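K.L.:
For reference, this is run-v3.txt, and it has compact mmCIF, C-alpha atoms.
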```txt
# COMPACT_ATOMS: atom_id res chain seq x y z
CA MET R 1 -2.85 -29.30 -7.64
CA LYS R 2 -0.23 -26.57 -7.91
CA ALA R 3 1.10 -28.13 -11.12
CA ALA R 4 -2.41 -28.29 -12.60
CA LEU R 5 -3.01 -24.62 -11.84
CA ALA R 6 0.36 -23.70 -13.32
CA GLU R 7 -0.53 -25.64 -16.46
CA VAL R 8 -3.81 -23.75 -16.85
CA VAL R 9 -2.00 -20.44 -16.51
CA ALA R 10 0.72 -21.50 -18.94
CA THR R 11 -1.82 -22.68 -21.53
CA LEU R 12 -3.85 -19.48 -21.35
CA SER R 13 -0.82 -17.21 -21.34
CA HIS R 14 0.49 -18.78 -24.56
CA LEU R 15 -2.65 -17.83 -26.51
CA PRO R 16 -2.01 -15.06 -29.03
CA GLY R 17 -2.87 -11.65 -27.54
CA VAL R 18 -2.96 -12.79 -23.93
CA LEU R 19 -0.66 -10.51 -21.92
CA VAL R 20 -1.24 -12.10 -18.51
CA ALA R 21 -3.20 -15.10 -17.25
CA MET R 22 -3.99 -15.45 -13.57
CA ILE R 23 -5.87 -17.72 -11.20
CA VAL R 24 -7.33 -15.68 -8.38
CA GLY R 25 -9.21 -16.49 -5.20
CA ALA R 26 -12.87 -15.65 -5.80
CA SER R 27 -13.58 -14.47 -2.28
CA ASP R 28 -10.28 -12.82 -1.31
CA GLY R 29 -9.05 -11.56 -4.70
CA LEU R 30 -5.51 -12.80 -4.05
CA ILE R 31 -3.38 -14.29 -6.81
CA ILE R 32 -2.99 -18.07 -6.62
CA GLU R 33 -1.04 -18.56 -9.83
CA THR R 34 0.06 -16.09 -12.47
CA SER R 35 2.07 -15.86 -15.64
CA PRO R 36 4.69 -13.19 -16.18
CA ILE R 37 3.54 -10.05 -17.99
CA LYS R 38 4.34 -10.38 -21.68
CA GLY R 39 6.59 -7.54 -22.75
CA GLY R 40 7.19 -6.53 -19.14
CA ALA R 41 5.20 -4.30 -16.85
CA VAL R 42 3.91 -1.09 -18.42
CA GLY R 43 5.82 1.86 -16.94
CA GLY R 44 7.75 -0.56 -14.76
CA THR R 45 4.73 -1.06 -12.53
CA ASP R 46 3.43 -4.56 -11.92
CA SER R 47 -0.32 -4.16 -11.89
CA ARG R 48 -1.20 -7.84 -11.59
CA LYS R 49 -2.08 -7.70 -7.89
CA HIS R 50 -4.39 -4.72 -8.43
CA THR R 51 -5.97 -6.21 -11.54
CA ALA R 52 -6.54 -9.57 -9.84
CA ALA R 53 -8.16 -8.07 -6.74
CA LEU R 54 -10.40 -5.68 -8.65
CA ALA R 55 -11.36 -8.18 -11.36
CA ALA R 56 -12.40 -10.75 -8.74
CA TYR R 57 -14.32 -8.04 -6.88
CA LEU R 58 -16.03 -6.92 -10.08
CA TYR R 59 -16.89 -10.50 -10.98
CA SER R 60 -18.54 -10.98 -7.57
CA LYS R 61 -20.70 -7.88 -8.22
CA VAL R 62 -21.56 -9.08 -11.71
CA THR R 63 -22.57 -12.41 -10.23
CA ARG R 64 -24.96 -10.59 -7.89
CA ALA R 65 -26.37 -8.52 -10.74
CA SER R 66 -26.86 -11.62 -12.85
CA ASP R 67 -28.51 -13.36 -9.95
CA ALA R 68 -30.78 -10.37 -9.32
CA ALA R 69 -31.82 -10.46 -12.96
CA ARG R 70 -32.53 -14.18 -12.53
CA LEU R 71 -30.02 -15.07 -15.22
CA GLY R 72 -28.00 -17.48 -13.14
CA THR R 73 -24.21 -17.53 -12.82
CA PRO R 74 -22.31 -15.42 -15.33
CA ALA R 75 -20.47 -17.59 -17.85
CA PHE R 76 -17.97 -15.07 -19.13
CA MET R 77 -17.19 -11.46 -18.25
CA ARG R 78 -15.35 -9.16 -20.62
CA LEU R 79 -14.34 -5.60 -19.86
CA GLU R 80 -13.35 -3.67 -22.96
CA ALA R 81 -11.00 -0.74 -22.40
CA GLU R 82 -9.18 1.64 -24.73
CA GLN R 83 -6.01 -0.43 -24.98
CA GLY R 84 -7.16 -3.96 -24.29
CA GLN R 85 -9.58 -6.19 -22.49
CA ILE R 86 -9.95 -8.03 -19.20
CA CYS R 87 -11.67 -11.41 -19.36
CA VAL R 88 -12.94 -13.26 -16.29
CA VAL R 89 -14.46 -16.71 -15.90
CA GLY R 90 -15.57 -18.10 -12.56
CA ALA R 91 -14.96 -21.66 -11.41
CA ARG R 92 -16.39 -22.13 -7.92
CA ASP R 93 -13.76 -20.85 -5.46
CA ILE R 94 -11.49 -19.35 -8.08
CA VAL R 95 -11.71 -17.00 -11.04
CA LEU R 96 -9.59 -17.09 -14.17
CA VAL R 97 -8.45 -13.63 -15.23
CA THR R 98 -6.71 -12.70 -18.45
CA ILE R 99 -5.55 -9.36 -19.76
CA VAL R 100 -5.63 -9.41 -23.55
CA THR R 101 -4.78 -7.01 -26.34
CA SER R 102 -7.51 -5.34 -28.38
CA ASP R 103 -6.68 -7.42 -31.44
CA ALA R 104 -6.57 -10.79 -29.66
CA ASN R 105 -8.62 -13.72 -30.90
CA LEU R 106 -11.31 -13.29 -28.29
CA GLY R 107 -13.27 -16.35 -29.39
CA ARG R 108 -10.26 -18.58 -28.75
CA VAL R 109 -9.49 -16.90 -25.44
CA ARG R 110 -13.10 -17.30 -24.33
CA LEU R 111 -13.26 -20.93 -25.42
CA ASP R 112 -10.01 -21.88 -23.67
CA MET R 113 -10.87 -19.99 -20.49
CA MET R 114 -14.27 -21.67 -20.25
CA HIS R 115 -12.73 -25.05 -21.03
CA ALA R 116 -10.14 -24.50 -18.26
CA ALA R 117 -12.87 -23.38 -15.85
CA ARG R 118 -14.90 -26.51 -16.54
CA GLY R 119 -11.83 -28.54 -15.72
CA LYS R 120 -11.47 -26.74 -12.38
CA SER R 121 -15.10 -26.83 -11.28
CA MET M 122 -21.30 5.65 6.23
CA THR M 123 -20.41 8.76 8.23
CA ASP M 124 -17.18 10.73 7.85
CA PRO M 125 -14.22 9.67 9.97
CA THR M 126 -13.76 11.54 13.22
CA VAL M 127 -10.14 12.43 13.83
CA ALA M 128 -8.01 13.64 16.71
CA GLU M 129 -5.44 14.91 14.18
CA ALA M 130 -6.90 16.62 11.11
CA TRP M 131 -4.10 15.64 8.72
CA VAL M 132 -5.30 12.01 8.60
CA ALA M 133 -8.93 12.86 7.75
CA ALA M 134 -8.63 12.83 3.94
CA PRO M 135 -6.56 9.64 3.54
CA LEU M 136 -8.68 7.85 6.15
CA ARG M 137 -11.87 8.86 4.36
CA ARG M 138 -10.50 7.59 1.06
CA LEU M 139 -9.42 4.29 2.58
CA MET M 140 -12.86 3.83 4.13
CA ASP M 141 -14.61 4.53 0.81
CA ASP M 142 -12.30 2.63 -1.53
CA ALA M 143 -11.74 -0.51 0.56
CA ARG M 144 -15.36 -0.50 1.78
CA PHE M 145 -14.45 -0.93 5.43
CA ILE M 146 -17.33 -1.13 7.87
CA SER M 147 -15.26 0.35 10.67
CA GLY M 148 -11.65 1.20 11.33
CA VAL M 149 -9.27 2.93 13.72
CA LEU M 150 -5.88 4.55 13.10
CA LEU M 151 -3.80 4.69 16.23
CA TYR M 152 -0.32 5.03 17.63
CA PRO M 153 1.33 1.75 18.67
CA THR M 154 0.91 2.97 22.25
CA GLY M 155 -2.87 2.74 21.86
CA LYS M 156 -3.63 6.43 21.42
CA ALA M 157 -6.36 6.89 18.79
CA VAL M 158 -5.70 9.22 15.84
CA GLY M 159 -8.89 8.72 13.85
CA GLN M 160 -11.82 6.36 13.48
CA PHE M 161 -14.88 5.61 11.43
CA GLY M 162 -17.84 3.31 11.91
CA PHE M 163 -17.91 3.57 15.72
CA SER M 164 -20.40 5.64 17.67
CA ASN M 165 -19.24 4.64 21.09
CA ALA M 166 -15.99 5.83 22.68
CA ALA M 167 -15.80 2.71 24.84
CA ASP M 168 -15.68 0.51 21.73
CA VAL M 169 -12.84 2.54 20.27
CA MET M 170 -11.05 2.37 23.61
CA SER M 171 -11.32 -1.43 23.56
CA VAL M 172 -10.18 -1.65 19.95
CA CYS M 173 -7.17 0.59 20.63
CA ALA M 174 -6.10 -1.32 23.72
CA LEU M 175 -6.51 -4.70 22.02
CA THR M 176 -4.82 -3.61 18.79
CA SER M 177 -1.89 -2.21 20.70
CA ALA M 178 -1.52 -5.45 22.64
CA ILE M 179 -1.97 -7.64 19.55
CA ASN M 180 0.62 -5.60 17.67
CA ALA M 181 3.13 -5.97 20.49
CA SER M 182 2.55 -9.72 20.67
CA ALA M 183 2.57 -10.25 16.90
CA ARG M 184 5.68 -8.12 16.51
CA GLU M 185 7.55 -10.25 19.02
CA LEU M 186 6.17 -13.47 17.53
CA GLY M 187 7.32 -12.35 14.08
CA ARG M 188 10.78 -11.58 15.41
CA GLN M 189 11.05 -15.01 16.97
CA LEU M 190 9.65 -16.97 14.02
CA ASP M 191 10.80 -14.96 11.04
CA GLY M 192 13.54 -12.70 12.40
CA LYS M 193 11.45 -9.61 11.74
CA PRO M 194 8.03 -8.29 12.82
CA PHE M 195 4.98 -9.41 10.86
CA TYR M 196 3.85 -6.78 8.41
CA GLU M 197 0.12 -7.32 8.55
CA MET M 198 -2.49 -9.57 10.09
CA HIS M 199 -5.78 -10.82 8.73
CA HIS M 200 -8.48 -12.80 10.45
CA ALA M 201 -11.37 -14.14 8.39
CA GLY M 202 -14.52 -14.71 10.38
CA ALA M 203 -17.71 -16.30 9.15
CA GLU M 204 -19.30 -12.97 8.22
CA ARG M 205 -16.73 -10.28 8.92
CA GLN M 206 -12.97 -10.04 8.56
CA VAL M 207 -10.38 -8.08 10.49
CA PHE M 208 -7.35 -6.49 8.82
CA MET M 209 -4.51 -5.00 10.84
CA ALA M 210 -1.33 -3.44 9.47
CA ARG M 211 1.32 -0.82 10.11
CA CYS M 212 2.00 2.44 8.31
CA ALA M 213 4.30 5.39 8.93
CA SER M 214 4.47 9.13 8.49
CA GLY M 215 7.29 11.48 9.38
CA GLY M 216 9.22 8.66 10.99
CA GLN M 217 6.31 7.88 13.28
CA GLU M 218 4.72 4.46 13.14
CA PHE M 219 0.95 4.02 13.18
CA LEU M 220 -1.35 1.01 13.34
CA PHE M 221 -4.56 0.57 11.42
CA VAL M 222 -7.25 -1.95 12.21
CA GLY M 223 -10.35 -2.30 10.09
CA VAL M 224 -13.36 -4.57 9.69
CA PHE M 225 -14.86 -5.53 6.36
CA ASP M 226 -17.38 -8.05 5.06
CA ARG M 227 -18.36 -9.61 1.73
CA GLU M 228 -18.79 -6.17 0.22
CA SER M 229 -15.00 -6.09 0.02
CA SER M 230 -12.17 -8.61 -0.10
CA LEU M 231 -8.68 -9.01 1.34
CA GLY M 232 -7.16 -8.30 -2.07
CA VAL M 233 -9.10 -5.05 -2.42
CA VAL M 234 -8.27 -4.05 1.16
CA GLU M 235 -4.56 -4.71 0.59
CA ILE M 236 -4.29 -2.62 -2.56
CA TYR M 237 -6.13 0.35 -1.07
CA PHE M 238 -4.19 0.09 2.17
CA GLU M 239 -0.99 0.35 0.11
CA GLU M 240 -2.35 3.59 -1.36
CA PHE M 241 -3.24 4.78 2.14
CA GLN M 242 0.32 4.04 3.29
CA LYS M 243 1.75 6.04 0.39
CA ALA M 244 -0.62 8.94 1.06
CA LEU M 245 0.32 8.97 4.74
CA GLU M 246 4.04 8.85 3.98
CA LYS M 247 3.68 12.07 2.00
CA LEU M 248 2.04 13.83 4.94
CA ARG M 249 3.56 14.86 8.23
CA PRO M 250 1.95 14.50 11.64
CA GLU M 251 0.74 17.85 12.97
CA THR M 252 1.49 17.08 16.55
CA GLN M 253 4.62 15.98 18.29
CA ALA M 254 4.88 12.24 17.91
CA PRO M 255 4.83 10.35 21.16
CA GLY M 256 7.82 8.34 22.20
CA ILE M 257 8.33 4.76 21.11
CA GLY M 258 7.33 3.31 24.44
CA PRO M 259 4.27 4.07 26.53
CA SER M 260 4.46 7.31 28.50
CA GLY M 261 3.35 5.60 31.67
CA ASP M 262 -0.06 7.23 31.42
CA PHE M 263 -1.68 4.84 28.97
CA GLU M 264 -5.21 5.38 30.25
CA GLY M 265 -4.83 9.16 30.34
CA GLU M 266 -3.46 9.30 26.78
CA LEU M 267 -6.19 7.01 25.51
CA ASN M 268 -8.92 9.02 27.21
CA ARG M 269 -7.57 12.29 25.86
CA SER M 270 -7.53 10.93 22.30
CA LEU M 271 -11.07 9.56 22.71
CA ASP M 272 -12.24 12.95 23.98
CA LYS M 273 -10.96 14.46 20.74
CA LEU M 274 -12.85 11.88 18.68
CA PHE M 275 -16.16 11.80 20.54
CA GLY M 276 -16.07 14.82 22.86
CA PRO M 277 -15.83 14.69 26.67
CA LEU M 278 -17.96 11.99 28.21
CA GLY M 279 -18.99 14.02 31.24
CA ARG M 280 -16.10 12.92 33.39
```
I'd like the structure from this file rewritten - as structure tokens, please.

P.N.:
Amino acid sequence: MKAALAEVVATLSHLPGVLVAMIVGASDGLIIETSPIKGGAVGGTDSRKHTAALAAYLYSKVTRASDAARLGTPAFMRLEAEQGQICVVGARDIVLVTIVTSDANLGRVRLDMMHAARGKS
Amino acid sequence: MTDPTVAEAWVAAPLRRLMDDARFISGVLLYPTGKAVGQFGFSNAADVMSVCALTSAINASARELGRQLDGKPFYEMHHAGAERQVFMARCASGGQEFLFVGVFDRESSLGVVEIYFEEFQKALEKLRPETQAPGIGPSGDFEGELNRSLDKLFGPLGR
């Protein structure tokens, strides 16, 4: 199980433009498996724990919003910021979280994240 | 959610921020001896008194258990119930240790609580307690100290 999760993280983290790939507990927001930050932590601060907790929290709210709108479970969540993007895909008890650069191949990231999520659900 | 009520004003702002950011339902900041410093989410002094006494006892037990199992006291405790979860951890200011215990539900998560508690710890470390910190051990007047701190939080109860 641990090896399978590590493989998912390794596969996602090797995609061009992916800075970090993480598997996070959907209900507690704690990191289960993570890749190192490509290029090192910005400003020497490791923000993975914060990003994981808040991304999982945000995904849970998005799930509620989607449910309220009678759209079903969200398939893919993307948060676009000034200097990059956060992508989240849910897979039952876990969420896959990636931090990607602005110029990343988002289609490939999305496809691989959803493929990995299908394998976990 | 109402503002925290505090026995020592210097903790009001960081406690308010912790309550808002981590989306705690209720929480108490106290000295390890059981004396309450601030609280939110409680309307009854007796409930806070129970929480303080239990938290103080749990901390003492967990600290000793941590020493015996891991060679050092446990840093934090978390209990996940079916609907609500309890988070308990230590923080310090001006060399004085404090305990925090808080309750949250599905509106928050352990990960969110942990990151905002870290910010709370940092905020508290930058502040200094206004009052003379009590000694490490209980003064021998546990009930009196607890009642005095509760009077500051809720007002005298007509004793």

K.L.:
To one decimal place in Å, what is the distance between CA of Ser270 in chain M and CA of Arg138 in chain M?

P.N.:
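Value for the CA of Ser270 in chain M-CA of Arg138 in chain M distance: 21.7 Å.
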
K.L.:
Find the residues near Leu150 in chain M: any atom within 8 Å, counting only C-alpha atoms, skip ones fewer than 4 places away on the same chain, and give them as a list of chain:residue names.

P.N.:
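Counting only the stated atoms, we get M:Ala157, M:Val158, M:Gly159, M:Gln160, M:Phe219, M:Leu220, M:Phe221, M:Val222.
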
K.L.:
Which polymer residues have any atom within 12 Å of an atom of Ala130 in chain M, counting all atoms listed in the file, with same-chain residues fewer than 2 positions away left out, as a PyMOL selection string?

P.N.:
chain M and resi 125-128+132-137+158-160+248-252+273-274

K.L.:
Define the interface residues of chain M facing chain R as those within 12 Å, counting all atoms listed in the file, and report them as a ChimeraX atom specification.

P.N.:
/M:142-144,199-201,206,225-240

K.L.:
So the first atom is CA of Ala174 in chain M and the second is CA of Ala210 in chain M; what is the distance between them in Å, to one decimal place?

P.N.:
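If I compute the distance from CA of Ala174 in chain M to CA of Ala210 in chain M, I get 15.2 Å.
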
K.L.:
Identify which of the residues R:Val20, R:Gly84, R:Phe76, R:Thr34 lies closest to Glu7 in chain R, counting only C-alpha atoms when measuring atom-to-atom distances.

P.N.:
R:Thr34

K.L.:
When you draw a straight line from CA of Ala3 in chain R to CA of Ile32 in chain R, how long is it in Å?

P.N.:
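Going from CA of Ala3 in chain R over to CA of Ile32 in chain R covers 11.8 Å.
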
K.L.:
Nearest residue to Ala166 in chain M out of M:Val149, M:Leu139, M:Ala178, M:Met209, using only C-alpha atoms?

P.N.:
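Of M:Val149, M:Leu139, M:Ala178, M:Met209, the one nearest Ala166 in chain M is M:Val149, counting only C-alpha atoms.
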
K.L.:
Given all atoms listed in the file as the basis, pick out the residue of R:Pro16, R:Glu80, R:Arg48, R:Val9 nearest to Ala116 in chain R.

P.N.:
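Looking at the shortest contact to Ala116 in chain R, the residue is R:Val9.
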